[in-house]
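J.: My structure is in model39.txt, and what it holds is compact mmCIF, C-alpha atoms:
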```
# COMPACT_ATOMS: atom_id res chain seq x y z
CA MET X 828 94.61 65.23 105.82
CA SER X 829 97.11 63.06 104.04
CA ASP X 830 99.27 60.15 105.07
CA PRO X 831 102.90 60.93 104.20
CA ARG X 832 104.00 57.30 104.57
CA LEU X 833 102.43 56.40 101.22
CA SER X 834 104.90 58.71 99.46
CA VAL X 835 108.01 56.74 100.39
CA ILE X 836 107.02 53.08 100.13
CA GLN X 837 108.17 52.59 96.54
CA GLU X 838 111.34 54.58 97.25
CA ARG X 839 112.24 52.29 100.18
CA LEU X 840 111.93 49.24 97.92
CA ALA X 841 113.54 50.81 94.85
CA SER X 842 116.76 48.82 95.25
CA VAL X 843 115.00 45.51 95.83
CA ARG X 844 115.21 43.62 92.55
CA ARG X 845 112.50 41.02 93.19
CA MET X 846 109.82 40.52 95.83
CA VAL X 847 108.26 37.15 96.53
CA GLY X 848 105.15 36.63 98.65
CA VAL X 849 104.74 33.16 100.17
CA THR X 850 101.01 32.82 100.61
CA GLY X 851 98.78 29.81 100.82
CA GLY X 852 95.44 30.97 102.04
CA LYS X 853 94.90 28.35 104.72
CA GLY X 854 96.83 28.39 107.99
CA GLY X 855 99.11 25.47 108.82
CA VAL X 856 100.25 24.67 105.28
CA GLY X 857 103.86 25.49 106.11
CA LYS X 858 104.22 29.00 104.70
CA THR X 859 106.54 30.34 107.40
CA LEU X 860 108.90 27.39 107.37
CA LEU X 861 109.01 27.41 103.59
CA ALA X 862 109.57 31.19 103.38
CA THR X 863 112.24 31.23 106.08
CA THR X 864 114.14 28.18 104.84
CA THR X 865 114.01 29.48 101.28
CA ALA X 866 115.46 32.84 102.40
CA LEU X 867 118.28 31.04 104.25
CA LEU X 868 119.04 28.89 101.19
CA LEU X 869 119.03 31.87 98.83
CA ALA X 870 121.52 33.69 101.08
CA ARG X 871 123.80 30.67 100.79
CA GLU X 872 123.53 30.88 97.02
CA GLY X 873 125.21 34.26 97.34
CA LEU X 874 122.08 36.36 96.88
CA ARG X 875 121.35 39.43 98.98
CA VAL X 876 118.11 38.37 100.63
CA GLY X 877 115.56 39.89 102.98
CA LEU X 878 112.77 38.23 104.94
CA PHE X 879 109.80 40.29 106.11
CA ASP X 880 107.38 38.45 108.39
CA LEU X 881 103.97 39.92 107.55
CA ASP X 882 102.11 37.70 109.98
CA PHE X 883 101.60 40.51 112.47
CA ALA X 884 98.97 38.59 114.41
CA GLY X 885 101.11 35.49 114.91
CA PRO X 886 104.76 36.00 114.00
CA SER X 887 106.88 32.87 114.27
CA SER X 888 109.78 33.11 111.80
CA HIS X 889 112.04 34.36 114.62
CA VAL X 890 111.53 31.00 116.32
CA ILE X 891 112.78 29.21 113.21
CA LEU X 892 115.76 31.56 113.02
CA GLY X 893 116.47 31.07 116.72
CA ILE X 894 116.89 34.72 117.59
CA GLU X 895 115.97 36.71 120.64
CA PRO X 896 114.02 39.56 119.02
CA ALA X 897 115.51 42.99 119.65
CA LEU X 898 114.76 46.45 118.26
CA PRO X 899 116.46 47.07 114.90
CA ARG X 900 119.24 49.63 114.62
CA GLU X 901 118.09 53.13 113.70
CA GLU X 902 119.66 54.90 110.77
CA ARG X 903 117.49 57.11 108.62
CA GLY X 904 114.69 54.77 109.61
CA ILE X 905 115.27 51.25 110.84
CA VAL X 906 117.77 48.81 109.38
CA PRO X 907 116.61 45.16 109.37
CA PRO X 908 119.38 43.23 111.15
CA GLU X 909 121.20 40.44 109.37
CA VAL X 910 120.35 36.98 110.69
CA ASP X 911 122.32 34.12 109.12
CA GLY X 912 122.91 36.20 106.01
CA VAL X 913 119.27 37.33 105.74
CA ALA X 914 118.08 40.92 106.38
CA TYR X 915 115.21 40.25 108.73
CA LEU X 916 112.16 42.19 109.91
CA SER X 917 109.31 41.03 112.12
CA ILE X 918 106.85 42.68 114.46
CA ALA X 919 108.33 40.39 117.12
CA GLN X 920 111.40 42.66 117.14
CA PHE X 921 109.20 45.46 118.48
CA ALA X 922 106.57 43.65 120.54
CA LYS X 923 108.84 40.99 121.98
CA GLY X 924 106.73 38.57 123.98
CA SER X 925 103.63 40.67 124.54
CA LEU X 926 101.69 40.97 121.32
CA ALA X 927 97.97 41.67 121.77
CA PRO X 928 95.37 40.72 119.16
CA LEU X 929 95.30 43.27 116.34
CA ARG X 930 92.40 44.24 114.12
CA GLY X 931 92.78 44.59 110.37
CA GLU X 932 93.10 48.37 110.42
CA ASP X 933 95.86 48.13 113.03
CA GLN X 934 97.73 45.57 110.93
CA GLN X 935 97.35 47.83 107.92
CA ASN X 936 98.91 50.70 109.88
CA ILE X 937 101.78 48.50 111.03
CA LEU X 938 102.47 47.40 107.46
CA LEU X 939 102.45 51.01 106.23
CA GLU X 940 104.67 52.18 109.07
CA LEU X 941 107.24 49.42 108.55
CA LEU X 942 107.25 49.88 104.78
CA ALA X 943 107.84 53.61 105.32
CA ILE X 944 110.67 53.33 107.85
CA ALA X 945 112.51 50.12 106.92
CA GLN X 946 115.70 50.76 104.96
CA TRP X 947 116.25 47.44 103.16
CA GLY X 948 119.00 48.79 100.93
CA THR X 949 120.06 46.75 97.91
CA LEU X 950 118.57 43.26 97.79
CA ASP X 951 118.31 40.67 95.05
CA LEU X 952 115.21 39.27 96.64
CA LEU X 953 112.84 40.16 99.47
CA VAL X 954 110.66 37.31 100.74
CA PHE X 955 107.33 38.12 102.42
CA ASP X 956 105.98 35.53 104.81
CA MET X 957 102.27 36.28 104.36
CA PRO X 958 99.63 35.69 107.03
CA PRO X 959 96.97 33.00 106.61
CA GLY X 960 93.64 33.87 105.07
CA LEU X 961 92.54 36.26 102.39
CA SER X 962 92.50 39.13 104.83
CA ASP X 963 93.03 42.89 104.77
CA LEU X 964 96.76 42.34 104.79
CA CYS X 965 96.70 40.36 101.53
CA LEU X 966 94.71 43.13 99.89
CA ASP X 967 97.16 45.70 101.28
CA ALA X 968 100.09 43.72 99.88
CA PHE X 969 98.40 43.59 96.46
CA ARG X 970 97.95 47.36 96.65
CA TRP X 971 101.24 48.58 98.07
CA LEU X 972 103.59 45.85 96.87
CA PRO X 973 102.45 45.46 93.26
CA ARG X 974 105.74 44.00 92.03
CA THR X 975 105.39 40.98 94.32
CA GLU X 976 105.46 37.54 92.68
CA TYR X 977 103.50 34.89 94.52
CA LEU X 978 104.49 31.43 95.57
CA VAL X 979 101.60 29.31 96.82
CA PRO X 980 102.25 26.28 99.03
CA THR X 981 99.27 24.13 99.93
CA THR X 982 98.73 20.68 101.31
CA ALA X 983 96.72 18.10 99.40
CA SER X 984 93.98 18.17 102.05
CA PRO X 985 90.60 19.26 100.66
CA LEU X 986 90.44 21.77 103.53
CA ALA X 987 93.54 23.58 102.30
CA LEU X 988 92.91 23.07 98.59
CA ALA X 989 89.60 24.92 98.62
CA VAL X 990 91.23 28.02 100.12
CA ALA X 991 94.28 27.77 97.85
CA GLU X 992 91.98 27.64 94.84
CA ARG X 993 90.20 30.84 95.91
CA LEU X 994 93.55 32.53 96.38
CA LEU X 995 94.92 31.35 93.05
CA ARG X 996 91.81 32.48 91.21
CA LEU X 997 92.10 35.90 92.86
CA LEU X 998 95.78 36.22 91.91
CA LYS X 999 94.93 35.26 88.33
CA GLU X 1000 91.97 37.60 88.13
CA GLN X 1001 94.05 40.50 89.44
CA HIS X 1002 96.85 39.66 86.98
CA LEU X 1003 99.36 39.37 89.81
CA PRO X 1004 102.59 37.49 89.00
CA LEU X 1005 102.29 33.84 90.03
CA LEU X 1006 105.55 31.92 90.36
CA GLY X 1007 103.83 28.66 91.02
CA VAL X 1008 102.10 26.21 93.33
CA VAL X 1009 103.90 23.75 95.59
CA GLU X 1010 102.46 20.71 97.32
CA ASN X 1011 103.74 21.00 100.87
CA LEU X 1012 103.80 18.66 103.88
CA ALA X 1013 103.08 15.71 101.59
CA TRP X 1014 102.79 12.37 103.42
CA ARG X 1015 101.27 10.19 100.71
CA GLU X 1016 101.00 10.12 96.94
CA SER X 1017 98.45 12.56 95.62
CA SER X 1018 97.86 14.46 92.42
CA HIS X 1019 95.31 16.92 93.82
CA VAL X 1020 97.67 19.91 94.03
CA ALA X 1021 99.13 19.29 90.58
CA GLN X 1022 95.59 19.03 89.21
CA LEU X 1023 94.62 22.27 90.91
CA ALA X 1024 97.61 24.05 89.37
CA GLU X 1025 96.68 22.71 85.96
CA ARG X 1026 93.05 23.75 86.36
CA ILE X 1027 94.09 27.29 87.28
CA GLY X 1028 96.82 27.47 84.67
CA ALA X 1029 99.57 28.01 87.22
CA PRO X 1030 103.02 26.38 87.14
CA PHE X 1031 103.26 23.34 89.43
CA LEU X 1032 106.72 23.44 90.98
CA GLY X 1033 106.73 20.07 92.73
CA VAL X 1034 106.20 18.21 95.97
CA ILE X 1035 107.82 18.89 99.34
CA HIS X 1036 107.39 15.99 101.72
CA TRP X 1037 106.63 16.16 105.40
CA ASP X 1038 110.00 15.97 107.09
CA ARG X 1039 109.99 14.55 110.60
CA THR X 1040 113.51 15.80 111.26
CA VAL X 1041 112.65 19.49 110.86
CA GLU X 1042 111.03 20.05 114.25
CA GLU X 1043 114.32 19.44 116.04
CA THR X 1044 116.15 21.94 113.86
CA LEU X 1045 113.87 24.88 114.63
CA GLY X 1046 116.01 27.64 116.09
CA HIS X 1047 119.14 26.28 114.39
CA PRO X 1048 119.34 27.57 110.80
CA GLU X 1049 122.56 25.66 110.05
CA ARG X 1050 120.86 22.38 110.91
CA LEU X 1051 117.64 23.38 109.15
CA ILE X 1052 119.36 23.90 105.81
CA ALA X 1053 120.87 20.42 106.07
CA THR X 1054 117.47 18.68 106.31
CA PRO X 1055 115.71 16.71 103.54
CA LEU X 1056 113.17 19.56 103.49
CA ALA X 1057 115.88 22.05 102.52
CA GLU X 1058 117.13 19.67 99.86
CA GLU X 1059 113.64 19.45 98.32
CA LEU X 1060 113.32 23.24 98.42
CA ARG X 1061 116.62 23.52 96.56
CA LYS X 1062 115.15 21.39 93.78
CA THR X 1063 111.60 22.77 93.60
CA ILE X 1064 111.62 26.44 94.56
CA LEU X 1065 115.17 27.74 94.24
CA PRO X 1066 115.35 27.29 90.45
CA VAL X 1067 112.48 29.76 89.88
CA LEU X 1068 114.01 32.28 92.27
CA VAL X 1069 117.66 32.08 91.29
CA SER X 1070 117.42 31.69 87.54
CA ARG X 1071 115.90 35.02 86.50
CA MET C 1274 117.03 57.85 114.32
CA HIS C 1275 113.94 56.45 112.69
CA GLU C 1276 112.15 59.82 112.58
CA TRP C 1277 114.34 60.72 109.59
CA ALA C 1278 112.32 58.29 107.45
CA LEU C 1279 109.10 60.00 108.51
CA ALA C 1280 110.59 63.46 107.86
CA GLU C 1281 111.52 62.34 104.36
CA ALA C 1282 108.00 60.97 103.86
CA ILE C 1283 106.51 64.34 104.86
CA VAL C 1284 108.72 66.29 102.44
CA ARG C 1285 108.09 63.89 99.56
CA ALA C 1286 104.33 63.96 100.18
CA VAL C 1287 104.35 67.78 100.18
CA ALA C 1288 106.44 67.86 96.97
CA GLU C 1289 104.09 65.35 95.28
CA HIS C 1290 101.05 67.38 96.31
CA ALA C 1291 102.69 70.58 95.04
CA ALA C 1292 103.45 68.99 91.66
CA LYS C 1293 99.91 67.65 91.35
CA GLU C 1294 98.29 70.97 92.26
CA ARG C 1295 100.78 73.00 90.18
CA ILE C 1296 102.12 74.77 93.26
CA VAL C 1297 105.43 76.37 92.30
CA ARG C 1298 106.38 77.47 95.79
CA VAL C 1299 105.09 75.92 98.99
CA ARG C 1300 104.61 78.55 101.68
CA ARG C 1301 103.17 76.79 104.70
CA VAL C 1302 102.72 73.20 105.82
CA VAL C 1303 100.91 72.09 108.95
CA VAL C 1304 101.92 68.67 110.24
CA GLN C 1305 100.09 66.94 113.06
CA ILE C 1306 102.02 64.65 115.34
CA GLY C 1307 99.88 62.15 117.21
CA GLN C 1308 100.59 61.94 120.89
CA MET C 1309 100.72 58.14 120.80
CA GLN C 1310 103.87 58.10 118.66
CA GLN C 1311 105.80 60.35 121.07
CA ILE C 1312 107.80 62.17 118.42
CA GLN C 1313 109.31 65.47 119.49
CA PRO C 1314 108.17 68.30 117.14
CA LYS C 1315 111.63 69.90 117.35
CA THR C 1316 113.29 66.66 116.24
CA LEU C 1317 110.95 66.29 113.28
CA GLU C 1318 111.39 69.95 112.35
CA ARG C 1319 115.18 69.61 112.34
CA LEU C 1320 115.03 66.46 110.23
CA VAL C 1321 112.59 68.00 107.74
CA GLN C 1322 115.08 70.84 107.23
CA GLU C 1323 117.90 68.30 106.84
CA VAL C 1324 115.94 66.49 104.09
CA LEU C 1325 115.03 69.79 102.41
CA ALA C 1326 118.64 70.97 102.31
CA LYS C 1327 119.43 68.41 99.59
CA GLU C 1328 116.41 68.30 97.29
CA TYR C 1329 112.88 69.51 96.77
CA PRO C 1330 113.33 73.15 95.63
CA THR C 1331 109.56 73.82 95.52
CA VAL C 1332 109.26 72.97 99.19
CA ARG C 1333 112.47 74.55 100.46
CA GLY C 1334 111.83 77.78 102.34
CA ALA C 1335 108.30 76.76 103.36
CA GLU C 1336 107.22 77.34 106.92
CA PHE C 1337 106.53 74.03 108.66
CA LEU C 1338 104.25 74.07 111.69
CA PHE C 1339 104.19 70.98 113.89
CA GLU C 1340 101.12 70.54 116.06
CA GLU C 1341 100.76 67.88 118.68
CA GLU C 1342 97.47 66.02 118.41
CA PRO C 1343 96.08 64.53 121.64
CA ALA C 1344 95.30 60.83 121.47
CA GLN C 1345 91.67 59.86 121.97
CA LEU C 1346 90.69 56.23 122.43
CA HIS C 1347 87.41 54.37 122.22
CA CYS C 1348 86.79 50.98 123.78
CA ARG C 1349 85.05 48.64 121.37
CA ARG C 1350 83.86 46.40 124.16
CA CYS C 1351 82.22 48.84 126.63
CA GLY C 1352 82.05 52.03 124.55
CA HIS C 1353 84.11 54.13 126.95
CA ARG C 1354 85.98 57.06 125.40
CA TRP C 1355 89.05 58.51 127.02
CA MET C 1356 92.05 60.69 126.38
CA LEU C 1357 95.48 59.10 126.55
CA ALA C 1358 96.76 62.08 128.57
CA ASP C 1359 99.76 60.88 130.58
CA ALA C 1360 98.97 57.14 130.58
CA LEU C 1361 102.14 56.51 128.57
CA GLU C 1362 104.24 57.94 131.39
CA SER C 1363 103.33 55.02 133.61
CA LEU C 1364 104.65 52.43 131.12
CA ASP C 1365 108.17 51.06 131.26
CA PRO C 1366 110.68 52.46 128.75
CA ASP C 1367 110.63 49.33 126.52
CA ALA C 1368 106.86 49.54 126.12
CA ARG C 1369 107.02 53.25 125.36
CA GLU C 1370 109.73 52.68 122.79
CA ALA C 1371 107.73 49.90 121.09
CA ILE C 1372 104.72 52.25 120.84
CA HIS C 1373 106.99 55.01 119.57
CA PHE C 1374 107.93 52.81 116.58
CA LEU C 1375 104.51 51.23 116.08
CA PRO C 1376 101.63 53.00 117.87
CA GLU C 1377 99.37 49.95 117.34
CA LEU C 1378 101.47 48.12 119.91
CA ALA C 1379 99.58 50.23 122.47
CA HIS C 1380 97.13 47.31 122.42
CA SER C 1381 99.81 45.20 124.03
CA TYR C 1382 100.45 47.59 126.89
CA LEU C 1383 97.34 49.72 127.49
CA ARG C 1384 93.86 48.68 128.58
CA CYS C 1385 90.47 50.39 128.69
CA PRO C 1386 90.37 52.08 132.11
CA VAL C 1387 86.77 50.90 132.66
CA CYS C 1388 86.60 47.26 131.44
CA ARG C 1389 90.34 46.43 130.98
CA SER C 1390 89.82 45.39 127.34
CA PRO C 1391 92.73 45.63 124.86
CA ASP C 1392 90.14 46.01 122.07
CA PHE C 1393 90.14 49.77 121.70
CA GLN C 1394 90.27 52.08 118.72
CA LEU C 1395 92.59 55.03 118.36
CA LEU C 1396 90.21 57.77 117.21
CA SER C 1397 92.88 60.46 116.86
CA GLY C 1398 96.46 61.19 117.77
CA ARG C 1399 98.11 58.09 116.24
CA GLY C 1400 101.05 59.32 114.20
CA VAL C 1401 102.24 61.84 111.64
CA THR C 1402 99.75 63.35 109.18
CA ILE C 1403 99.83 66.39 106.92
CA ALA C 1404 96.90 68.68 107.75
CA THR C 1405 97.44 71.61 105.35
CA ILE C 1406 99.67 72.59 102.44
CA GLN C 1407 99.56 76.16 101.17
CA GLY C 1408 101.53 77.74 98.36
CA GLU C 1409 101.65 79.76 95.18
CA VAL C 1410 100.00 78.18 92.19
CA GLU C 1411 101.49 78.53 88.71
CA GLN C 1412 99.71 81.34 86.77
```
Can the structure from this file be put into structure tokens for me?
T.:
Amino acid sequence: MSDPRLSVIQERLASVRRMVGVTGGKGGVGKTLLATTTALLLAREGLRVGLFDLDFAGPSSHVILGIEPALPREERGIVPPEVDGVAYLSIAQFAKGSLAPLRGEDQQNILLELLAIAQWGTLDLLVFDMPPGLSDLCLDAFRWLPRTEYLVPTTASPLALAVAERLLRLLKEQHLPLLGVVENLAWRESSHVAQLAERIGAPFLGVIHWDRTVEETLGHPERLIATPLAEELRKTILPVLVSR
Amino acid sequence: MHEWALAEAIVRAVAEHAAKERIVRVRRVVVQIGQMQQIQPKTLERLVQEVLAKEYPTVRGAEFLFEEEPAQLHCRRCGHRWMLADALESLDPDAREAIHFLPELAHSYLRCPVCRSPDFQLLSGRGVTIATIQGEVEQ
């Protein structure tokens, strides 16, 4: 018995120049908002960008984008629809409002299926919004998406830092490309995240402050990219994604 | 249609296997199609031939057999085992289509018939797998 899907994954991503996984270990550190806003900003820089929401257990990027999820168009597979200039794929497009809890093996199958059937075409950059935790899905991404470069947002809270450190050490140990660490949702001066990055030997990209205006822009990408949050992302994260 | 991507995956997997096992001409391939994914064997067969028409000379001319594999489920909560049979027929078209793309979404629409749990395991009959590849090996 063999699984034919494994034979086409690399082919489907052959015309994607760079892949970036936004992963932070702990839930609630702002991964989805950071990944989605970054994808929107990159599209406005003139890059061909994709966003793949890998949080199959709790997808939410469609809420940020303000779309009513609908099945993608079929053409030699499925074609991720363009949302505000970003080729977009999420399990929400298939499950709509009724997504049951999924075990790790089911999430693994969903990842394989979508990697096998999604026709991303030519992209400069494909952003993966990774799920929280060092779960099966992270290990699957390491295995099947080996070209992925990782961007690690974390808050300065000790609760998030401990998990981020485990993740960073794992990325280092596995020799996976690490773009850098970002302090996210900052609300007071702290050097904990910068110190963590230094300890691990990872680039520290900067601080993104908690932005009280963002909540009201969810569902409105045009307003979201005009927030102070977007401005900070332009300064901290975009340079490492656009320059190479 | 999205089955084209799966047809291409089948052909590439067969070609890769042939190259690895030094098969110069593939004669017979048996593909199992899980009931849960609701793919028509005739559709997949047509698309496999469409993919083969352009590339893969070692696989071209092989006989492809498509077998439907019944879906068997096992409830993790109460231990009940059951066959999917025609349970999909009772679902609305949107639910069936979602499961057609991603069989794991069955958890969103089906329940264990005994305890109503969504925590069941698909023991067999999920999607497309290659059961057998036969051919002539290089001498």
J.: Sorted by chain and rising residue number, list the residues of chain C at most 10 Å from chain X (counting only C-alpha atoms), each with its closest atom pair and distance in Å to one decimal, as CSV.
T.:
```
residue,atom,partner,partner_atom,distance
C:Met1274,CA,X:Glu901,CA,4.9
C:His1275,CA,X:Gly904,CA,3.6
C:Glu1276,CA,X:Gly904,CA,6.4
C:Trp1277,CA,X:Arg903,CA,4.9
C:Ala1278,CA,X:Gly904,CA,4.8
C:Leu1279,CA,X:Ile944,CA,6.9
C:Ala1280,CA,X:Pro831,CA,8.9
C:Glu1281,CA,X:Val835,CA,7.7
C:Ala1282,CA,X:Pro831,CA,5.1
C:Ile1283,CA,X:Pro831,CA,5.0
C:Val1284,CA,X:Pro831,CA,8.1
C:Arg1285,CA,X:Ser834,CA,6.1
C:Ala1286,CA,X:Pro831,CA,5.2
C:Val1287,CA,X:Pro831,CA,8.1
C:Ala1288,CA,X:Ser834,CA,9.6
C:Glu1289,CA,X:Ser834,CA,7.9
C:His1290,CA,X:Ser829,CA,9.7
C:Val1303,CA,X:Met828,CA,9.8
C:Val1304,CA,X:Met828,CA,9.2
C:Gln1305,CA,X:Met828,CA,9.2
C:Leu1320,CA,X:Arg903,CA,9.8
C:Asp1367,CA,X:Phe921,CA,9.0
C:Ala1368,CA,X:Ala922,CA,8.1
C:Glu1370,CA,X:Phe921,CA,8.4
C:Ala1371,CA,X:Phe921,CA,5.4
C:Ile1372,CA,X:Phe921,CA,8.5
C:His1373,CA,X:Phe921,CA,9.9
C:Phe1374,CA,X:Phe921,CA,7.7
C:Leu1375,CA,X:Ile937,CA,6.4
C:Pro1376,CA,X:Ile937,CA,8.2
C:Glu1377,CA,X:Asp933,CA,5.8
C:Leu1378,CA,X:Ala922,CA,6.8
C:Ala1379,CA,X:Ala927,CA,8.7
C:His1380,CA,X:Ala927,CA,5.7
C:Ser1381,CA,X:Ala927,CA,4.6
C:Tyr1382,CA,X:Ser925,CA,8.0
C:Leu1383,CA,X:Ala927,CA,9.9
C:Pro1391,CA,X:Ala927,CA,7.3
C:Asp1392,CA,X:Pro928,CA,8.0
C:Phe1393,CA,X:Arg930,CA,9.7
C:Gln1394,CA,X:Asp933,CA,8.9
C:Leu1395,CA,X:Asp933,CA,9.3
C:Arg1399,CA,X:Asn936,CA,9.8
C:Gly1400,CA,X:Asp830,CA,9.3
C:Val1401,CA,X:Asp830,CA,7.4
C:Thr1402,CA,X:Asp830,CA,5.2
C:Ile1403,CA,X:Ser829,CA,5.2
C:Ala1404,CA,X:Met828,CA,4.6
C:Thr1405,CA,X:Met828,CA,7.0
C:Ile1406,CA,X:Met828,CA,9.5
```
J.: Would you mind listing what lies within 12 Å of Gln1001 (chain X) as a PyMOL selection string, with only C-alpha atoms counted and same-chain residues fewer than 5 positions away left out?
T.: chain X and resi 966+969-970+973+994-996
J.: Between CA of Ala1358 (chain C) and CA of Ala919 (chain X), measure the distance and give it in Å to one decimal.
T.: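 That distance, rounded to one decimal, is 27.1 Å.
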J.: Quote the spacing between CA of Val990 (chain X) and CA of Gly852 (chain X) in Å to one decimal place.
T.: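 We find that CA of Val990 (chain X) and CA of Gly852 (chain X) lie 5.5 Å from each other.
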J.: Check which residues of region 981-1061 of chain X sit at most 8 Å from region 861-865 of chain X using only C-alpha atoms, and return one row each with the closest pair of atoms and their distance in Å to one decimal, ordered by chain and rising number, as JSON lines.
T.:
```
{"residue": "X:Pro1048", "atom": "CA", "partner": "X:Thr864", "partner_atom": "CA", "distance": 7.9}
{"residue": "X:Leu1051", "atom": "CA", "partner": "X:Thr864", "partner_atom": "CA", "distance": 7.3}
{"residue": "X:Ile1052", "atom": "CA", "partner": "X:Thr864", "partner_atom": "CA", "distance": 6.8}
{"residue": "X:Ala1057", "atom": "CA", "partner": "X:Thr864", "partner_atom": "CA", "distance": 6.8}
{"residue": "X:Leu1060", "atom": "CA", "partner": "X:Thr865", "partner_atom": "CA", "distance": 6.9}
```
